[in-house]
$ cat start19.tsv   # TSV, C-alpha atoms
chain	number	residue	atom	x	y	z
A	1	MET	CA	12.31	-7.48	-25.74
A	2	LYS	CA	12.99	-10.32	-23.30
A	3	GLY	CA	11.84	-10.10	-19.68
A	4	THR	CA	15.24	-9.60	-17.99
A	5	ALA	CA	16.43	-7.00	-20.53
A	6	LYS	CA	13.13	-5.11	-20.24
A	7	LEU	CA	13.27	-5.13	-16.43
A	8	LEU	CA	16.88	-3.88	-16.52
A	9	LEU	CA	16.15	-1.16	-19.10
A	10	LEU	CA	13.11	0.17	-17.26
A	11	SER	CA	14.80	0.22	-13.86
A	12	SER	CA	17.91	1.88	-15.37
A	13	LEU	CA	15.79	4.64	-16.95
A	14	VAL	CA	13.98	5.31	-13.66
A	15	VAL	CA	17.25	5.30	-11.67
A	16	LEU	CA	18.84	7.61	-14.28
A	17	TYR	CA	16.00	10.13	-14.03
A	18	PHE	CA	15.98	10.06	-10.22
A	19	GLY	CA	19.78	10.32	-10.13
A	20	LEU	CA	19.86	13.37	-12.41
A	21	GLY	CA	16.52	15.10	-12.01
A	22	VAL	CA	15.33	14.37	-8.46
A	23	VAL	CA	18.42	14.09	-6.27
A	24	GLY	CA	21.02	15.19	-8.84
A	25	PRO	CA	22.29	18.35	-10.55
A	26	TRP	CA	19.26	18.93	-12.81
A	27	TYR	CA	16.70	19.16	-9.99
A	28	ALA	CA	16.04	22.88	-10.50
A	29	ASP	CA	16.78	22.86	-14.24
A	30	VAL	CA	13.50	24.11	-15.71
A	31	PRO	CA	14.20	23.24	-19.41
A	32	PHE	CA	15.24	19.68	-18.44
A	33	GLN	CA	12.23	19.12	-16.16
A	34	GLY	CA	9.93	20.72	-18.76
A	35	SER	CA	11.21	18.37	-21.50
A	36	ILE	CA	10.75	15.34	-19.23
A	37	ALA	CA	7.21	16.51	-18.38
A	38	ALA	CA	6.33	16.90	-22.08
A	39	LEU	CA	7.76	13.43	-22.83
A	40	CYS	CA	5.84	11.89	-19.93
A	41	VAL	CA	2.56	13.53	-21.02
A	42	LEU	CA	3.04	12.23	-24.58
A	43	LEU	CA	3.82	8.69	-23.38
A	44	ARG	CA	0.90	8.78	-20.93
A	45	LEU	CA	-1.43	9.90	-23.72
A	46	GLN	CA	-0.15	7.09	-25.92
A	47	THR	CA	-0.57	4.40	-23.24
A	48	SER	CA	-3.71	5.55	-21.39
A	49	GLY	CA	-5.29	8.22	-23.57
A	50	TRP	CA	-7.01	11.39	-22.36
A	51	ARG	CA	-8.86	9.49	-19.62
A	52	GLY	CA	-5.58	8.30	-18.02
A	53	LEU	CA	-4.10	11.79	-18.24
A	54	ARG	CA	-7.22	13.34	-16.69
A	55	THR	CA	-7.05	10.83	-13.78
A	56	ASP	CA	-3.39	11.71	-13.21
A	57	LEU	CA	-4.10	15.43	-13.27
A	58	ALA	CA	-7.03	14.99	-10.88
A	59	PHE	CA	-4.55	13.46	-8.43
A	60	LEU	CA	-1.64	15.80	-9.16
A	61	LEU	CA	-3.30	19.23	-9.29
A	62	PRO	CA	-4.75	19.31	-5.74
A	63	PHE	CA	-1.38	18.11	-4.44
A	64	LEU	CA	0.55	20.74	-6.38
A	65	CYS	CA	-1.81	23.50	-5.21
A	66	THR	CA	-1.45	22.39	-1.57
A	67	LEU	CA	2.31	22.19	-1.99
A	68	VAL	CA	2.51	25.78	-3.26
A	69	ALA	CA	0.05	26.97	-0.57
A	70	MET	CA	2.15	25.32	2.15
A	71	GLY	CA	5.25	26.95	0.67
A	72	ALA	CA	3.57	30.38	0.80
A	73	LEU	CA	2.43	29.73	4.38
A	74	LEU	CA	5.94	28.74	5.49
A	75	ASP	CA	7.26	31.84	3.70
A	76	ALA	CA	4.75	34.05	5.54
A	77	PHE	CA	6.05	32.75	8.88
A	78	ALA	CA	9.67	32.81	7.63
A	79	MET	CA	9.99	29.23	8.91
A	80	ALA	CA	13.59	28.26	9.78
A	81	ASN	CA	14.66	31.80	8.76
A	82	ARG	CA	14.14	30.90	5.12
A	83	THR	CA	12.39	33.08	2.55
A	84	ASP	CA	12.60	30.72	-0.43
A	85	TRP	CA	9.83	28.28	0.55
A	86	THR	CA	7.53	29.34	-2.31
A	87	GLU	CA	10.34	29.11	-4.86
A	88	ASP	CA	11.24	25.66	-3.52
A	89	ALA	CA	7.58	24.60	-3.64
A	90	LEU	CA	7.32	25.72	-7.29
A	91	CYS	CA	10.39	23.63	-8.09
A	92	LYS	CA	8.82	20.62	-6.40
A	93	ALA	CA	5.60	21.27	-8.30
A	94	LEU	CA	7.57	20.71	-11.50
A	95	VAL	CA	9.63	17.73	-10.33
A	96	PHE	CA	6.88	15.80	-8.53
A	97	PRO	CA	4.70	15.05	-11.61
A	98	ASN	CA	7.80	13.83	-13.48
A	99	SER	CA	8.85	11.44	-10.72
A	100	PHE	CA	5.24	10.25	-10.42
A	101	TRP	CA	4.88	9.65	-14.17
A	102	SER	CA	8.30	8.05	-14.64
A	103	ILE	CA	7.47	5.27	-12.15
A	104	GLN	CA	3.91	4.90	-13.34
A	105	LEU	CA	5.04	4.52	-16.96
A	106	ALA	CA	7.72	1.99	-15.99
A	107	VAL	CA	5.31	-0.13	-13.92
A	108	GLY	CA	2.66	0.11	-16.64
A	109	ALA	CA	5.11	-1.22	-19.24
A	110	LEU	CA	5.66	-4.46	-17.29
A	111	ARG	CA	3.69	-7.54	-18.28
A	112	LEU	CA	3.13	-10.80	-16.35
A	113	THR	CA	5.30	-12.65	-18.89
A	114	ASP	CA	8.23	-10.36	-18.01
A	115	LEU	CA	8.11	-11.80	-14.48
A	116	VAL	CA	8.94	-15.32	-15.76
A	117	ALA	CA	12.59	-14.23	-15.83
A	118	LEU	CA	12.58	-13.60	-12.07
A	119	PRO	CA	14.19	-16.08	-9.63
A	120	ARG	CA	12.02	-19.05	-8.60
A	121	GLY	CA	10.99	-17.85	-5.10
A	122	VAL	CA	10.18	-14.31	-6.22
A	123	ARG	CA	8.26	-15.61	-9.25
A	124	ARG	CA	6.22	-17.95	-6.99
A	125	PHE	CA	5.35	-15.04	-4.70
A	126	PHE	CA	4.31	-12.76	-7.59
A	127	ILE	CA	2.22	-15.39	-9.38
A	128	LEU	CA	0.48	-16.52	-6.17
A	129	THR	CA	-0.19	-12.93	-5.12
A	130	HIS	CA	-1.50	-12.06	-8.59
A	131	ALA	CA	-3.84	-15.07	-8.57
A	132	LEU	CA	-5.01	-14.37	-5.02
A	133	VAL	CA	-5.70	-10.69	-5.63
A	134	SER	CA	-7.78	-11.59	-8.71
A	135	LYS	CA	-9.74	-14.25	-6.78
A	136	SER	CA	-10.11	-12.37	-3.50
A	137	ARG	CA	-11.17	-8.98	-4.83
A	138	PRO	CA	-14.71	-10.10	-5.79
A	139	LEU	CA	-14.87	-12.09	-2.54
A	140	ILE	CA	-14.14	-9.01	-0.45
A	141	GLU	CA	-16.57	-6.93	-2.51
A	142	ARG	CA	-19.31	-9.51	-1.83
A	143	LEU	CA	-18.44	-9.54	1.90
A	144	TRP	CA	-18.57	-5.73	1.96
A	145	TRP	CA	-21.98	-5.77	0.28
A	146	LEU	CA	-23.27	-8.25	2.89
A	147	VAL	CA	-21.78	-6.24	5.76
A	148	CYS	CA	-23.37	-3.04	4.44
A	149	HIS	CA	-26.78	-4.72	4.29
A	150	ASP	CA	-26.62	-6.41	7.69
A	151	PRO	CA	-29.47	-4.94	9.78
A	152	SER	CA	-27.33	-4.97	12.96
A	153	LEU	CA	-24.77	-2.70	11.28
A	154	GLN	CA	-27.26	-0.09	10.02
A	155	THR	CA	-27.55	1.99	13.18
A	156	GLY	CA	-25.48	4.83	14.64
A	157	PRO	CA	-23.71	7.80	13.07
A	158	TRP	CA	-21.88	7.33	9.74
A	159	ILE	CA	-18.40	7.14	11.28
A	160	ILE	CA	-19.37	4.53	13.93
A	161	ARG	CA	-21.36	2.51	11.37
A	162	SER	CA	-18.43	2.52	8.90
A	163	GLY	CA	-15.96	1.54	11.63
A	164	ARG	CA	-18.09	-1.40	12.77
A	165	ARG	CA	-18.57	-2.55	9.19
A	166	LEU	CA	-14.84	-2.42	8.52
A	167	THR	CA	-14.16	-4.37	11.71
A	168	VAL	CA	-16.51	-7.15	10.65
A	169	LEU	CA	-15.14	-7.06	7.08
A	170	LEU	CA	-11.56	-7.59	8.30
A	171	ALA	CA	-12.49	-10.60	10.45
A	172	ALA	CA	-14.61	-12.18	7.70
A	173	ALA	CA	-12.02	-11.45	4.98
A	174	LEU	CA	-9.24	-13.15	6.97
A	175	ILE	CA	-11.15	-16.42	7.29
A	176	ALA	CA	-12.46	-16.41	3.70
A	177	VAL	CA	-9.15	-15.43	2.03
A	178	TYR	CA	-7.15	-17.92	4.18
A	179	HIS	CA	-9.09	-20.84	2.69
A	180	GLU	CA	-8.70	-19.33	-0.80
A	181	THR	CA	-4.93	-19.05	-0.23
A	182	GLU	CA	-4.62	-22.67	0.90
A	183	ALA	CA	-6.40	-23.87	-2.24
A	184	THR	CA	-4.34	-21.62	-4.55
A	185	VAL	CA	-1.01	-22.72	-3.04
A	186	ARG	CA	-2.02	-26.38	-3.41
A	187	VAL	CA	-2.97	-25.90	-7.08
A	188	TYR	CA	0.24	-23.92	-7.85
A	189	ASP	CA	2.51	-26.52	-6.21
A	190	ALA	CA	0.73	-29.41	-7.93
A	191	ARG	CA	0.99	-27.73	-11.36
A	192	MET	CA	4.67	-26.86	-10.88
A	193	ALA	CA	5.42	-30.45	-9.81
A	194	LEU	CA	3.61	-31.72	-12.89
A	195	LEU	CA	5.53	-29.32	-15.16
A	196	GLU	CA	8.84	-30.41	-13.66
A	197	GLU	CA	7.96	-34.08	-14.17
A	198	ASN	CA	6.81	-33.50	-17.78
A	199	PRO	CA	8.66	-30.39	-19.06
A	200	SER	CA	7.44	-30.90	-22.66
B	1	MET	CA	-1.60	-22.60	11.57
B	2	ASN	CA	0.75	-22.31	8.59
B	3	SER	CA	2.60	-18.99	9.07
B	4	ARG	CA	3.53	-18.64	5.40
B	5	ILE	CA	-0.05	-19.15	4.19
B	6	LEU	CA	-1.36	-16.83	6.90
B	7	THR	CA	1.21	-14.16	5.92
B	8	LEU	CA	0.31	-14.44	2.24
B	9	THR	CA	-3.40	-14.25	3.16
B	10	LEU	CA	-2.88	-11.12	5.25
B	11	THR	CA	-0.66	-9.52	2.58
B	12	VAL	CA	-3.55	-9.88	0.13
B	13	VAL	CA	-6.12	-8.68	2.70
B	14	VAL	CA	-3.97	-5.61	3.50
B	15	ALA	CA	-3.54	-4.82	-0.22
B	16	LEU	CA	-7.24	-5.22	-1.04
B	17	VAL	CA	-8.55	-3.34	1.98
B	18	THR	CA	-6.08	-0.51	1.26
B	19	LEU	CA	-7.36	-0.35	-2.31
B	20	PHE	CA	-10.96	-0.71	-1.21
B	21	VAL	CA	-11.66	2.65	0.44
B	22	ARG	CA	-9.63	5.51	-1.00
B	23	ILE	CA	-10.13	9.24	-0.66
B	24	PRO	CA	-7.61	11.28	-2.72
B	25	LEU	CA	-5.35	13.51	-0.64
B	26	PRO	CA	-3.50	16.65	-1.65
B	27	SER	CA	-0.08	15.31	-0.76
B	28	ARG	CA	0.92	11.65	-0.39
B	29	GLY	CA	-1.74	10.05	-2.49
B	30	TYR	CA	-4.92	8.88	-0.83
B	31	PHE	CA	-6.57	8.47	2.53
B	32	ASN	CA	-7.21	4.79	3.11
B	33	VAL	CA	-8.24	2.33	5.77
B	34	GLY	CA	-5.19	0.14	5.13
B	35	ASP	CA	-3.78	0.98	8.56
B	36	ALA	CA	-6.62	-0.94	10.19
B	37	ALA	CA	-5.64	-3.95	8.08
B	38	VAL	CA	-1.92	-3.53	8.89
B	39	ILE	CA	-2.58	-3.41	12.67
B	40	PHE	CA	-4.98	-6.34	12.33
B	41	ALA	CA	-2.46	-8.36	10.26
B	42	GLY	CA	0.32	-7.71	12.77
B	43	LEU	CA	-1.87	-8.76	15.72
B	44	VAL	CA	-3.09	-11.94	13.98
B	45	LEU	CA	0.44	-12.96	12.97
B	46	GLY	CA	1.78	-12.08	16.40
B	47	GLY	CA	-0.89	-14.24	17.99
B	48	ALA	CA	-0.66	-17.18	15.60
B	49	SER	CA	2.98	-17.47	14.52
B	50	PRO	CA	5.19	-19.34	16.97
B	51	LYS	CA	8.41	-18.26	15.21
B	52	HIS	CA	9.47	-14.79	13.99
B	53	PRO	CA	6.06	-13.08	14.40
B	54	LEU	CA	7.63	-9.64	13.99
B	55	LEU	CA	9.13	-10.62	10.63
B	56	TRP	CA	5.81	-12.01	9.34
B	57	GLY	CA	3.97	-8.91	10.63
B	58	ALA	CA	6.43	-6.63	8.87
B	59	LEU	CA	6.16	-8.63	5.62
B	60	ALA	CA	2.34	-8.68	5.55
B	61	GLY	CA	1.98	-5.00	6.48
B	62	GLY	CA	4.84	-3.69	4.33
B	63	LEU	CA	4.41	-5.81	1.21
B	64	GLY	CA	0.59	-5.59	1.21
B	65	SER	CA	0.58	-1.80	1.48
B	66	ALA	CA	3.43	-1.36	-1.02
B	67	ALA	CA	1.58	-3.65	-3.46
B	68	ALA	CA	-1.53	-1.46	-3.06
B	69	ASP	CA	0.53	1.63	-3.87
B	70	ILE	CA	1.95	-0.03	-7.00
B	71	LEU	CA	-1.41	-1.42	-8.15
B	72	SER	CA	-3.12	1.95	-7.76
B	73	GLY	CA	-0.48	3.94	-9.66
B	74	PHE	CA	1.30	5.46	-6.64
B	75	ALA	CA	4.43	3.35	-7.03
B	76	LEU	CA	6.53	6.41	-6.18
B	77	PHE	CA	5.58	5.94	-2.52
B	78	ALA	CA	6.02	2.17	-2.43
B	79	PRO	CA	9.54	2.15	-0.84
B	80	LEU	CA	8.48	4.59	1.88
B	81	THR	CA	5.24	2.67	2.44
B	82	LEU	CA	7.20	-0.59	2.69
B	83	ALA	CA	9.30	0.88	5.52
B	84	ALA	CA	6.48	2.71	7.36
B	85	LYS	CA	3.85	-0.03	7.18
B	86	GLY	CA	6.43	-2.79	7.68
B	87	LEU	CA	7.46	-1.20	10.98
B	88	GLU	CA	3.81	-0.71	11.92
B	89	GLY	CA	3.05	-4.39	11.20
B	90	ALA	CA	6.07	-5.59	13.18
B	91	LEU	CA	5.22	-3.47	16.24
B	92	ALA	CA	1.59	-4.58	16.06
B	93	ALA	CA	2.77	-8.22	16.02
B	94	ALA	CA	4.67	-7.52	19.23
B	95	ALA	CA	1.39	-6.35	20.79
B	96	ALA	CA	-0.52	-9.60	20.28
B	97	LYS	CA	0.71	-11.55	23.31
B	98	HIS	CA	0.13	-8.69	25.77
B	99	THR	CA	-2.93	-8.01	27.93
B	100	ALA	CA	-5.80	-6.02	26.43
B	101	ALA	CA	-4.68	-2.66	27.88
B	102	LEU	CA	-1.05	-3.09	26.82
B	103	ARG	CA	-2.19	-4.25	23.40
B	104	TRP	CA	-3.93	-0.92	22.83
B	105	ILE	CA	-0.81	0.95	23.88
B	106	TRP	CA	1.46	-1.15	21.62
B	107	ALA	CA	-0.94	-0.71	18.69
B	108	ALA	CA	-0.94	3.07	19.23
B	109	VAL	CA	2.89	3.00	19.32
B	110	ALA	CA	2.87	1.03	16.04
B	111	SER	CA	0.58	3.57	14.35
B	112	SER	CA	2.62	6.49	15.69
B	113	ALA	CA	5.79	4.90	14.33
B	114	MET	CA	4.14	4.76	10.90
B	115	VAL	CA	3.27	8.48	11.08
B	116	ILE	CA	6.85	9.36	12.12
B	117	VAL	CA	8.45	7.29	9.34
B	118	TYR	CA	6.16	8.90	6.74
B	119	PHE	CA	6.84	12.39	8.09
B	120	VAL	CA	10.63	11.97	8.12
B	121	GLY	CA	10.64	10.14	4.78
B	122	GLU	CA	8.50	12.78	3.06
B	123	ALA	CA	10.41	15.68	4.59
B	124	LEU	CA	13.65	14.18	3.21
B	125	TRP	CA	12.06	13.18	-0.12
B	126	PRO	CA	13.42	15.68	-2.68
B	127	SER	CA	10.15	16.19	-4.54
B	128	ILE	CA	7.93	16.43	-1.41
B	129	GLY	CA	9.94	18.15	1.32
B	130	LEU	CA	8.82	19.75	4.58
B	131	GLN	CA	5.84	21.50	2.96
B	132	GLY	CA	4.38	18.23	1.67
B	133	ALA	CA	5.22	16.36	4.89
B	134	LEU	CA	3.41	18.99	7.01
B	135	ALA	CA	0.37	18.93	4.74
B	136	GLU	CA	0.28	15.17	5.20
B	137	LEU	CA	0.62	15.04	8.99
B	138	LEU	CA	-3.02	15.52	10.07
B	139	PRO	CA	-4.55	12.99	7.61
B	140	ASN	CA	-1.88	10.48	8.64
B	141	LEU	CA	-2.66	10.98	12.34
B	142	LEU	CA	-6.39	10.48	11.67
B	143	GLN	CA	-5.61	7.39	9.59
B	144	ALA	CA	-3.43	6.02	12.41
B	145	ALA	CA	-6.05	6.63	15.13
B	146	GLY	CA	-8.83	5.02	13.08
B	147	GLY	CA	-6.56	2.14	12.09
B	148	THR	CA	-5.65	1.37	15.70
B	149	LEU	CA	-9.28	1.41	16.82
B	150	ILE	CA	-10.57	-0.81	14.00
B	151	GLY	CA	-7.53	-3.13	13.82
B	152	VAL	CA	-7.49	-4.00	17.54
B	153	THR	CA	-11.27	-4.44	17.67
B	154	ALA	CA	-11.24	-6.72	14.60
B	155	PHE	CA	-8.51	-8.86	16.18
B	156	GLY	CA	-10.63	-9.18	19.35
B	157	LEU	CA	-13.50	-10.33	17.15
B	158	VAL	CA	-11.37	-13.05	15.48
B	159	GLU	CA	-10.08	-14.18	18.88
B	160	ARG	CA	-13.66	-14.57	20.09
B	161	THR	CA	-14.56	-16.76	17.09
B	162	GLY	CA	-11.85	-19.22	18.19
B	163	TRP	CA	-10.63	-19.52	14.58
B	164	LEU	CA	-7.00	-18.88	15.53
B	165	ARG	CA	-7.10	-21.76	18.05
B	166	ASP	CA	-9.16	-24.06	15.84
B	167	ASP	CA	-7.55	-27.55	15.81
B	168	ASP	CA	-8.80	-28.12	12.29
B	169	THR	CA	-7.16	-24.89	11.05
B	170	ALA	CA	-4.03	-25.49	13.12
B	171	ALA	CA	-3.57	-28.97	11.66
B	172	ARG	CA	-3.29	-27.62	8.11

$ encode --input "start19.tsv" --output "structure tokens"
Amino acid sequence: MKGTAKLLLLSSLVVLYFGLGVVGPWYADVPFQGSIAALCVLLRLQTSGWRGLRTDLAFLLPFLCTLVAMGALLDAFAMANRTDWTEDALCKALVFPNSFWSIQLAVGALRLTDLVALPRGVRRFFILTHALVSKSRPLIERLWWLVCHDPSLQTGPWIIRSGRRLTVLLAAALIAVYHETEATVRVYDARMALLEENPS
Amino acid sequence: MNSRILTLTLTVVVALVTLFVRIPLPSRGYFNVGDAAVIFAGLVLGGASPKHPLLWGALAGGLGSAAADILSGFALFAPLTLAAKGLEGALAAAAAKHTAALRWIWAAVASSAMVIVYFVGEALWPSIGLQGALAELLPNLLQAAGGTLIGVTAFGLVERTGWLRDDDTAAR
């Protein structure tokens, strides 16, 4: 499927689900939400396997438990004169994983080549950001390693030590990544100019 | 100093620092130190950009944090993050030209604005609601306080290096 069509299809599916199942008439429809959940789990298993599903559940389950606990707490205090907080929380506990998975599946289905169809300025931003994130991530990891091993940042309680390290990391990362950005922008512009001069 | 290159740089720094330290949270997603980077980005852009510093601050803070949400699989929160962190970045940019004491106050206002936008956004979000928003409030306040402290201190550090006033950097 071509980039534009794929982008349109994925965004339409997400908007359709949110329109019907999150803010629309099927919000509290248990069979509908259950079917969507089953479909999402199957697709997640197909794309990321058991490991991906386990990671999702590790994120979702504590949230869902807190959500239900907060609902019960609000019910106990009859907050805003309502007595349906727990019921509402259980509904959310069914809808939230679906909305989480629907976006995650849509974003996961996008490839860099699909972005070629985007307008020139947006494409430039995405490609430059993609390149910079790939180049700067190891740079920041190296800086963090250095900061963590600096003898002057080894003293004090954990929270003070971590704060000071992060402060130094931010200042060092700005200067290092700025020079990386300048170089990347120069290379991108030169390559685009060359491609426009010699399209073949 | 080239504002566009500086904004792109800080967008990437915000995204990477947000991704760097993450502690999973029961509600919104994860506790991160991205707020420190957002405040820092706003202050740097406010101090270095002669034109539209608030816009650049909002772009770096909002887009960097939203990109981190998308890259880490929490794309659901990206629109809310874009609004909350964008506002935080813009208000932090407004703080840069003030005196040290006022800068701290502006940065605290910026962080508080982020907490309020998240709270209202989550309370109105159909699948999160008031329960989720309340559960999120304390971690967000802690994140905001830490972010203000680290972001303003890091900006002071960069100011002391003279890098923002460097003729060689400014000429580029």

$ atom_distance --input "start19.tsv" --atom1 "CA of Met192 (chain A)" --atom2 "CA of Thr7 (chain B)"
21.3 Å

$ atom_distance --input "start19.tsv" --atom1 "CA of Ser102 (chain A)" --atom2 "CA of Leu57 (chain A)"
14.5 Å

$ atom_distance --input "start19.tsv" --atom1 "CA of Ile105 (chain B)" --atom2 "CA of Thr148 (chain B)"
9.5 Å

$ closest_atom_pairs --input "start19.tsv" --of "region 48-141 of chain B" --to "region 109-130 of chain A" --cutoff "12 Å" --atoms "all atoms listed in the file" --output "JSON lines"
{"residue": "B:Ala60", "atom": "CA", "partner": "A:Thr129", "partner_atom": "CA", "distance": 11.8}
{"residue": "B:Leu63", "atom": "CA", "partner": "A:Thr129", "partner_atom": "CA", "distance": 10.6}
{"residue": "B:Gly64", "atom": "CA", "partner": "A:Thr129", "partner_atom": "CA", "distance": 9.7}
{"residue": "B:Ala67", "atom": "CA", "partner": "A:Thr129", "partner_atom": "CA", "distance": 9.6}
{"residue": "B:Ala68", "atom": "CA", "partner": "A:Thr129", "partner_atom": "CA", "distance": 11.7}
{"residue": "B:Ile70", "atom": "CA", "partner": "A:Leu110", "partner_atom": "CA", "distance": 11.8}
{"residue": "B:Leu71", "atom": "CA", "partner": "A:His130", "partner_atom": "CA", "distance": 10.6}

$ closest_residue --input "start19.tsv" --among "B:Leu54, B:Met1, B:Leu138, B:Ala75" --to "chain A" --atoms "all atoms listed in the file"
B:Ala75

$ residues_near_point --input "start19.tsv" --point "(10.0, 27.3, -10.6)" --cutoff "12 Å" --atoms "only C-alpha atoms" --output "ChimeraX atom specification"
/A:27-31,33-34,68,84-95

$ interface_residues --input "start19.tsv" --of "chain A" --to "chain B" --cutoff "8 Å" --atoms "only C-alpha atoms" --output "PyMOL selection string"
chain A and resi 22-23+59-60+62-67+70-71+74+89+92-93+95-96+99-100+103-104+107+129+132-133+136-137+140+163-164+166-168+170-171+173-175+177-178+181-182

$ closest_residue --input "start19.tsv" --among "A:Leu61, A:Leu10, A:Val147, A:Ala5" --to "Ala106 (chain A)" --atoms "all atoms listed in the file"
A:Leu10

$ residues_around --input "start19.tsv" --residues "Trp56 (chain B)" --least-positions-apart "5" --cutoff "8 Å" --atoms "only C-alpha atoms" --output "VMD selection string"
chain B and resid 3 7 42 45 90

$ axis_aligned_box --input "start19.tsv" --around "region 78-90 of chain A" --padding-each-side "5 Å" --output "JSON"
{"center_x": 11.0, "center_y": 28.8, "center_z": 1.2, "size_x": 17.3, "size_y": 18.5, "size_z": 27.1}

$ residues_around --input "start19.tsv" --residues "Ala58 (chain B)" --least-positions-apart "6" --cutoff "9 Å" --atoms "only C-alpha atoms" --output "mmCIF file with C-alpha atoms, keeping the file's coordinate frame"
data_model
loop_
_atom_site.group_PDB
_atom_site.id
_atom_site.type_symbol
_atom_site.label_atom_id
_atom_site.label_comp_id
_atom_site.auth_asym_id
_atom_site.auth_seq_id
_atom_site.Cartn_x
_atom_site.Cartn_y
_atom_site.Cartn_z
ATOM 1 C CA VAL B 38 -1.920 -3.530 8.890
ATOM 2 C CA GLY B 42 0.320 -7.710 12.770
ATOM 3 C CA LEU B 82 7.200 -0.590 2.690
ATOM 4 C CA ALA B 83 9.300 0.880 5.520
ATOM 5 C CA LYS B 85 3.850 -0.030 7.180
ATOM 6 C CA GLY B 86 6.430 -2.790 7.680
ATOM 7 C CA LEU B 87 7.460 -1.200 10.980
ATOM 8 C CA GLU B 88 3.810 -0.710 11.920
ATOM 9 C CA GLY B 89 3.050 -4.390 11.200
ATOM 10 C CA ALA B 90 6.070 -5.590 13.180
ATOM 11 C CA LEU B 91 5.220 -3.470 16.240
ATOM 12 C CA ALA B 92 1.590 -4.580 16.060
ATOM 13 C CA ALA B 93 2.770 -8.220 16.020
#
